[in-house]
Amino acid sequence: LSMHVRLTDKANGRIKQDYRSYLTYAQSYARVTGNQYPIYVATDDATVVTAIQEALYPSVVLMQPDVVRSNSETPTFEILKNDTHRSNTEALIEIYAMAKCGYFIHGYSGMAEAVVYISPHLHNKSVNIDEPSHSTPKQFRKMLLKDMAEETRN
């Protein structure tokens with residue numbers, strides 16, 4: 001599972017979701033998989049890192065180390081405006097890491113679009129929590145259980 005938890009930069013009237021909206025899906029995934037598979041978290045908000053690690057088993061939570069994350073409402077691209085190479089490199093690493101996962105929880109963003117573009121299978125294995133008709137955590141859990149049953153049969 002990968003999650004793109006974007007909280008500091010929500011322009012064009014997009015609603016800022018609380019990180020707990022993402023967390024319910026991660027907890028479902030962790031319960032269904034028995035904490036056997038990692039959860040990759042890409043986020044621009046430093047407070048999310050600690051909160052997610054405390055809510056889940058820290059050993060299953062993976063994140064890119066030494067990434068610039070914001071401790072305020074200032075977007076990371078603004079913090080790194082004088083180091084666009086670093087900003088772009090960090091974003092590309094996050095995109096490719098998320099694209100390697102089997103499931104994807106995200107909101108509206110260019111990075112999320114890039115992840116699905118690179119790994120088209122994620123189109124049907126993702127939840128866009130900004131989408132009004134997105135799957136509930138219960139529906140996501142049912143999908144996970146169905147996929148695991150099919151995997152066991154094969």
# chains A, B, ... in the order shown; residues from 1 in each chain; ligands from 1
$ residues_around --residues "region 57-60 of chain A" --least-positions-apart "4" --cutoff "8 Å" --atoms "only C-alpha atoms" --output "compact mmCIF listing (two decimals) with N, CA and C atoms, in the first residue's frame"
# COMPACT_ATOMS: atom_id res chain seq x y z
N ASN A 35 -0.12 -7.07 9.16
CA ASN A 35 1.10 -6.26 9.26
C ASN A 35 2.30 -6.94 8.61
N GLN A 36 2.05 -7.75 7.58
CA GLN A 36 3.13 -8.45 6.90
C GLN A 36 3.72 -7.67 5.73
N TYR A 37 2.99 -6.65 5.27
CA TYR A 37 3.44 -5.91 4.10
C TYR A 37 3.64 -4.45 4.46
N PRO A 38 4.62 -3.81 3.87
CA PRO A 38 4.89 -2.40 4.21
C PRO A 38 3.83 -1.44 3.67
N ILE A 39 3.77 -0.32 4.31
CA ILE A 39 2.91 0.79 3.88
C ILE A 39 3.84 1.96 3.60
N GLN A 53 3.22 6.84 12.21
CA GLN A 53 4.09 5.85 12.84
C GLN A 53 3.54 5.44 14.21
$ residues_around --residues "Val48 (chain A)" --least-positions-apart "5" --cutoff "10 Å" --atoms "only C-alpha atoms" --output "PDB file with N, CA, C and O atoms, in the first residue's frame"
ATOM      1  N   VAL A   5      -0.148  11.588   1.179  1.00  0.00           N
ATOM      2  CA  VAL A   5      -0.863  12.444   2.121  1.00  0.00           C
ATOM      3  C   VAL A   5      -0.384  13.875   1.918  1.00  0.00           C
ATOM      4  O   VAL A   5       0.606  14.306   2.495  1.00  0.00           O
ATOM      5  N   ARG A   6      -1.065  14.582   1.075  1.00  0.00           N
ATOM      6  CA  ARG A   6      -0.678  15.956   0.716  1.00  0.00           C
ATOM      7  C   ARG A   6      -1.546  16.929   1.510  1.00  0.00           C
ATOM      8  O   ARG A   6      -2.750  17.006   1.295  1.00  0.00           O
ATOM      9  N   LEU A   7      -0.912  17.678   2.405  1.00  0.00           N
ATOM     10  CA  LEU A   7      -1.685  18.553   3.277  1.00  0.00           C
ATOM     11  C   LEU A   7      -1.307  20.028   3.222  1.00  0.00           C
ATOM     12  O   LEU A   7      -2.107  20.874   3.587  1.00  0.00           O
ATOM     13  N   ASP A  18      -8.039  15.622   6.574  1.00  0.00           N
ATOM     14  CA  ASP A  18      -7.260  15.283   7.761  1.00  0.00           C
ATOM     15  C   ASP A  18      -6.504  13.984   7.483  1.00  0.00           C
ATOM     16  O   ASP A  18      -7.017  13.102   6.784  1.00  0.00           O
ATOM     17  N   TYR A  19      -5.311  13.848   8.026  1.00  0.00           N
ATOM     18  CA  TYR A  19      -4.527  12.635   7.781  1.00  0.00           C
ATOM     19  C   TYR A  19      -5.265  11.385   8.258  1.00  0.00           C
ATOM     20  O   TYR A  19      -5.052  10.286   7.757  1.00  0.00           O
ATOM     21  N   ARG A  20      -6.177  11.539   9.212  1.00  0.00           N
ATOM     22  CA  ARG A  20      -6.929  10.380   9.716  1.00  0.00           C
ATOM     23  C   ARG A  20      -7.813   9.765   8.621  1.00  0.00           C
ATOM     24  O   ARG A  20      -8.139   8.589   8.678  1.00  0.00           O
ATOM     25  N   LEU A  23      -5.537   7.369   7.215  1.00  0.00           N
ATOM     26  CA  LEU A  23      -5.130   6.386   8.214  1.00  0.00           C
ATOM     27  C   LEU A  23      -6.118   5.230   8.333  1.00  0.00           C
ATOM     28  O   LEU A  23      -5.707   4.081   8.509  1.00  0.00           O
ATOM     29  N   VAL A  41       4.532   5.727   2.806  1.00  0.00           N
ATOM     30  CA  VAL A  41       3.859   7.011   3.014  1.00  0.00           C
ATOM     31  C   VAL A  41       4.695   8.131   2.404  1.00  0.00           C
ATOM     32  O   VAL A  41       5.854   8.320   2.768  1.00  0.00           O
ATOM     33  N   ALA A  42       4.088   8.848   1.480  1.00  0.00           N
ATOM     34  CA  ALA A  42       4.697  10.044   0.905  1.00  0.00           C
ATOM     35  C   ALA A  42       3.866  11.220   1.401  1.00  0.00           C
ATOM     36  O   ALA A  42       2.652  11.261   1.190  1.00  0.00           O
ATOM     37  N   THR A  43       4.504  12.123   2.099  1.00  0.00           N
ATOM     38  CA  THR A  43       3.773  13.263   2.641  1.00  0.00           C
ATOM     39  C   THR A  43       4.636  14.509   2.649  1.00  0.00           C
ATOM     40  O   THR A  43       5.854  14.436   2.723  1.00  0.00           O
ATOM     41  N   GLN A  53       3.220   6.843  12.208  1.00  0.00           N
ATOM     42  CA  GLN A  53       4.087   5.847  12.839  1.00  0.00           C
ATOM     43  C   GLN A  53       3.544   5.436  14.207  1.00  0.00           C
ATOM     44  O   GLN A  53       3.655   4.281  14.598  1.00  0.00           O
ATOM     45  N   GLU A  54       2.949   6.366  14.932  1.00  0.00           N
ATOM     46  CA  GLU A  54       2.377   6.039  16.241  1.00  0.00           C
ATOM     47  C   GLU A  54       1.097   5.216  16.104  1.00  0.00           C
ATOM     48  O   GLU A  54       0.798   4.388  16.957  1.00  0.00           O
ATOM     49  N   ARG A  69      10.132  18.224   4.658  1.00  0.00           N
ATOM     50  CA  ARG A  69       8.689  18.258   4.921  1.00  0.00           C
ATOM     51  C   ARG A  69       8.389  19.531   5.680  1.00  0.00           C
ATOM     52  O   ARG A  69       9.215  20.038   6.427  1.00  0.00           O
ATOM     53  N   ASN A  71       6.658  22.017   8.425  1.00  0.00           N
ATOM     54  CA  ASN A  71       6.143  22.042   9.793  1.00  0.00           C
ATOM     55  C   ASN A  71       5.076  23.112   9.952  1.00  0.00           C
ATOM     56  O   ASN A  71       4.700  23.466  11.067  1.00  0.00           O
TER      57      ASN A  71
END
$ closest_residue --among "A:Thr24, A:Tyr29, A:His4, A:Thr152" --to "Asp45 (chain A)" --atoms "only C-alpha atoms"
A:His4
$ atom_distance --atom1 "CA of Gly107 (chain A)" --atom2 "CA of Asn128 (chain A)"
4.9 Å
$ closest_residue --among "A:Thr33, A:Thr89, A:Ala26, A:Ala149" --to "Ile52 (chain A)" --atoms "only C-alpha atoms"
A:Ala26
$ select_by_dssp --residues "chain A" --states "helix (DSSP H, G or I)" --output "ChimeraX atom specification"
/A:19-33,46-55,58-60,76-79,84-99,110-118,120-124,137-153
